[in-house]
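**Student:** For reference, the structure I am asking about is given below.
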Amino acid sequence: MPAARQPIVVIAPDSFKGSLDAQAVCEAIARGLRRVWPDAGIRACPMADGGEGTLDAVLSRGGERRQREVTGAGGKSRVAAYGIVASREDVTAVIEAAEVVGITDPDGMSRPVTARATQGIGELIRALLDAGVRRFMIGLGGSSTNDGGAGMLAALGLKLVDAAGRDIAPTPEGLASLALVHAQGLDPRLAQSSITIMSDVNNPLCGERGATAIFGPQKGVGADDIGPIDDTLARFAALAEHATGARAADRPGAGAAGGLGFALQLVGGTFRSGADVVADLIGLDAALAGADWAFTGEGRTDLQTLLRKAPYVVAERARAAGVPITLLSGAVDAAALPELGRVFAGCFALPAAPMALAECIANADALIADRAEQIARVAARAWEQRREPGSRSPRRG
């Protein structure tokens, strides 16, 4: 008799931030599944949603990783990675904002948030424009800045001056004295470019749902500073919009990355769900076609996951393909389980026993493999039953 067919499984997690990148999570889950099904057909699809790991996820399907020295959020030089993906038609640059102004950069985080700027992102874009690139994909997650994208725009030629006509620093503290914005020097090549903005944040630039109020505290904005900084960004946005003739402050995603989403939309960028963009680039739908099962996950899953973060987008596409999908994350918010249960065929967290967070992070690789193995053992009997004569297709059920 021919050997029994073993399942085809798509593994499409986001990174477990602070622990493992998405590719390593894929490998750990695959290792656990193969303890149960040695010949399982594994289709690894590392995912991301515009934040940390987006560059890795995109380049996992081809492209070239490059580096360039730029100005970090705190004003010191740093080497930032970016990607170049070439096709017959054109060349696309893939930029991860966190590579330039990431919240994990100790130099940037050592400066007050009012002294940080996105200048380095503008420097990188200008250098790529000089190299002939006209297509950009820019992931906005994980930034440490809250300058409304003023630093990026200044590096691309926008002039910011005070009442005396003097240049000001494109930081929140510098923008407090902003009186006028001149757009004549803004790089004209931006108008000839296609910019896709990748993010899972749809907040406007200002207000109670804006960049400063919602995301500022995690970057170091004190409670007493939220109002003044928000007012500063609102004034900057009004002057920048007047100078350019464009409107972006109230658009969804303008508040992403401390307002970098505003600046990129101001120069013609198009905002999209980061996870959807990555899913398209890595061919997730093709991987799901004909699969029997899928896995996804992230470092921590809660209700925010349902706001089109990577695991939700994977689940949505798995449902469209008729593929059951299981969530395996570092942690799962118990209060969110009723809603998560409507999306995933089982939600699982890593610790099998009381365990400190640091220990869980340090042992994530082994914990993921062990948990995937146990999930597979529970599923193995159901798989065999569904393969018996007269049963339904193993993939549907």
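Just so we're on the same page: first chain in the structure tokens is A, next is B, and so on; residues restart at 1 for each chain, and ligands are numbered from 1 in the order they show up.
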May I have the residues within 12 Å of Ala213 in chain A as a ChimeraX atom specification, using only C-alpha atoms and disregarding those fewer than 6 positions away in the same chain?
**Tutor:** /A:146,203-207,219-231,233,255-256,258-259
**Student:** Just the selected residues (C-alpha atoms), exported as a PDB file, in the first residue's frame, please.
**Tutor:**
ATOM      1  CA  ASN A 146       7.127  61.837  17.430  1.00  0.00           C
ATOM      2  CA  ASN A 203      -4.929  56.815  13.722  1.00  0.00           C
ATOM      3  CA  PRO A 204      -4.985  60.456  12.569  1.00  0.00           C
ATOM      4  CA  LEU A 205      -2.050  62.730  13.311  1.00  0.00           C
ATOM      5  CA  CYS A 206      -3.555  64.751  16.171  1.00  0.00           C
ATOM      6  CA  GLY A 207      -6.287  64.693  18.767  1.00  0.00           C
ATOM      7  CA  LYS A 219       8.213  56.675  23.489  1.00  0.00           C
ATOM      8  CA  GLY A 220       8.734  58.826  26.573  1.00  0.00           C
ATOM      9  CA  VAL A 221       6.136  61.584  26.240  1.00  0.00           C
ATOM     10  CA  GLY A 222       5.042  62.582  29.736  1.00  0.00           C
ATOM     11  CA  ALA A 223       1.375  63.088  30.578  1.00  0.00           C
ATOM     12  CA  ASP A 224       1.848  66.870  30.927  1.00  0.00           C
ATOM     13  CA  ASP A 225       3.578  67.068  27.534  1.00  0.00           C
ATOM     14  CA  ILE A 226       0.931  65.313  25.441  1.00  0.00           C
ATOM     15  CA  GLY A 227      -1.204  68.421  24.925  1.00  0.00           C
ATOM     16  CA  PRO A 228       1.638  70.839  24.059  1.00  0.00           C
ATOM     17  CA  ILE A 229       3.319  68.402  21.649  1.00  0.00           C
ATOM     18  CA  ASP A 230      -0.004  67.588  20.017  1.00  0.00           C
ATOM     19  CA  ASP A 231      -0.644  71.317  19.523  1.00  0.00           C
ATOM     20  CA  LEU A 233       2.246  68.903  15.531  1.00  0.00           C
ATOM     21  CA  GLY A 255      -0.511  59.136  13.215  1.00  0.00           C
ATOM     22  CA  ALA A 256       1.596  56.063  12.487  1.00  0.00           C
ATOM     23  CA  GLY A 258       4.776  59.481  15.469  1.00  0.00           C
ATOM     24  CA  GLY A 259       3.324  61.209  12.418  1.00  0.00           C
TER      25      GLY A 259
END
**Student:** Asp107 in chain A: which residues within 10 Å, counting only C-alpha atoms, same-chain residues fewer than 2 positions away excluded, as a list in words?
**Tutor:**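 What passes the distance filter is Gly72, Ala73, Gly74, Gly75, Lys76, Ser77, Arg78, Val101, Gly102, Ile103, Thr104, Asp105, Met109, Ser110 and Arg111 of chain A.
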**Student:** Which one of A:Thr301, A:Phe236, A:Val323, A:Ala86 sits closest to Ala289 in chain A if you count only C-alpha atoms?
**Tutor:**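 Residue with the minimum atom-to-atom distance to Ala289 in chain A: A:Val323.
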**Student:** One decimal, in Å: what's the spacing between CA of Leu178 in chain A and CA of Ala150 in chain A?
**Tutor:**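 So the two atoms, CA of Leu178 in chain A and CA of Ala150 in chain A, lie 11.1 Å apart.
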**Student:** Considering only C-alpha atoms, return as a ChimeraX atom specification whatever protein or nucleic-acid residues lie within 12 Å of Ala254 in chain A, sequence-local ones (same chain, fewer than 3 positions apart) excluded.
**Tutor:** /A:140,146-149,197-207,209-212,233-234,237,247-251,257-266,269-272
**Student:** Record the distance separating CA of Arg65 in chain A and CA of Thr92 in chain A, expressed in Å with one decimal.
**Tutor:**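 Pair CA of Arg65 in chain A / CA of Thr92 in chain A returns 12.1 Å.
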**Student:** At a cut-off of 12 Å, using only C-alpha atoms, what residues contact Met355 in chain A? Leave out same-chain residues fewer than 4 positions from it and give the result as a ChimeraX atom specification.
**Tutor:** /A:330-331,349-351,359-364,367
**Student:** Suppose we keep C-alpha atoms; can you now write the selection as a short mmCIF file (atom, residue, chain, number, x, y, z; two decimals), in the first residue's frame?
**Tutor:**
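Below is the file that was written, part-v6.cif:
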data_model
loop_
_atom_site.label_atom_id
_atom_site.label_comp_id
_atom_site.auth_asym_id
_atom_site.auth_seq_id
_atom_site.Cartn_x
_atom_site.Cartn_y
_atom_site.Cartn_z
CA GLY A 330 4.16 33.80 23.28
CA ALA A 331 1.22 35.01 25.34
CA ALA A 349 0.39 30.34 24.51
CA LEU A 350 3.88 29.03 25.24
CA PRO A 351 4.32 28.42 28.97
CA GLU A 359 12.93 32.59 30.95
CA CYS A 360 10.14 32.24 28.40
CA ILE A 361 11.91 34.62 26.01
CA ALA A 362 15.25 32.86 26.45
CA ASN A 363 13.73 29.44 25.77
CA ALA A 364 11.19 30.46 23.14
CA LEU A 367 8.92 26.08 23.91
#
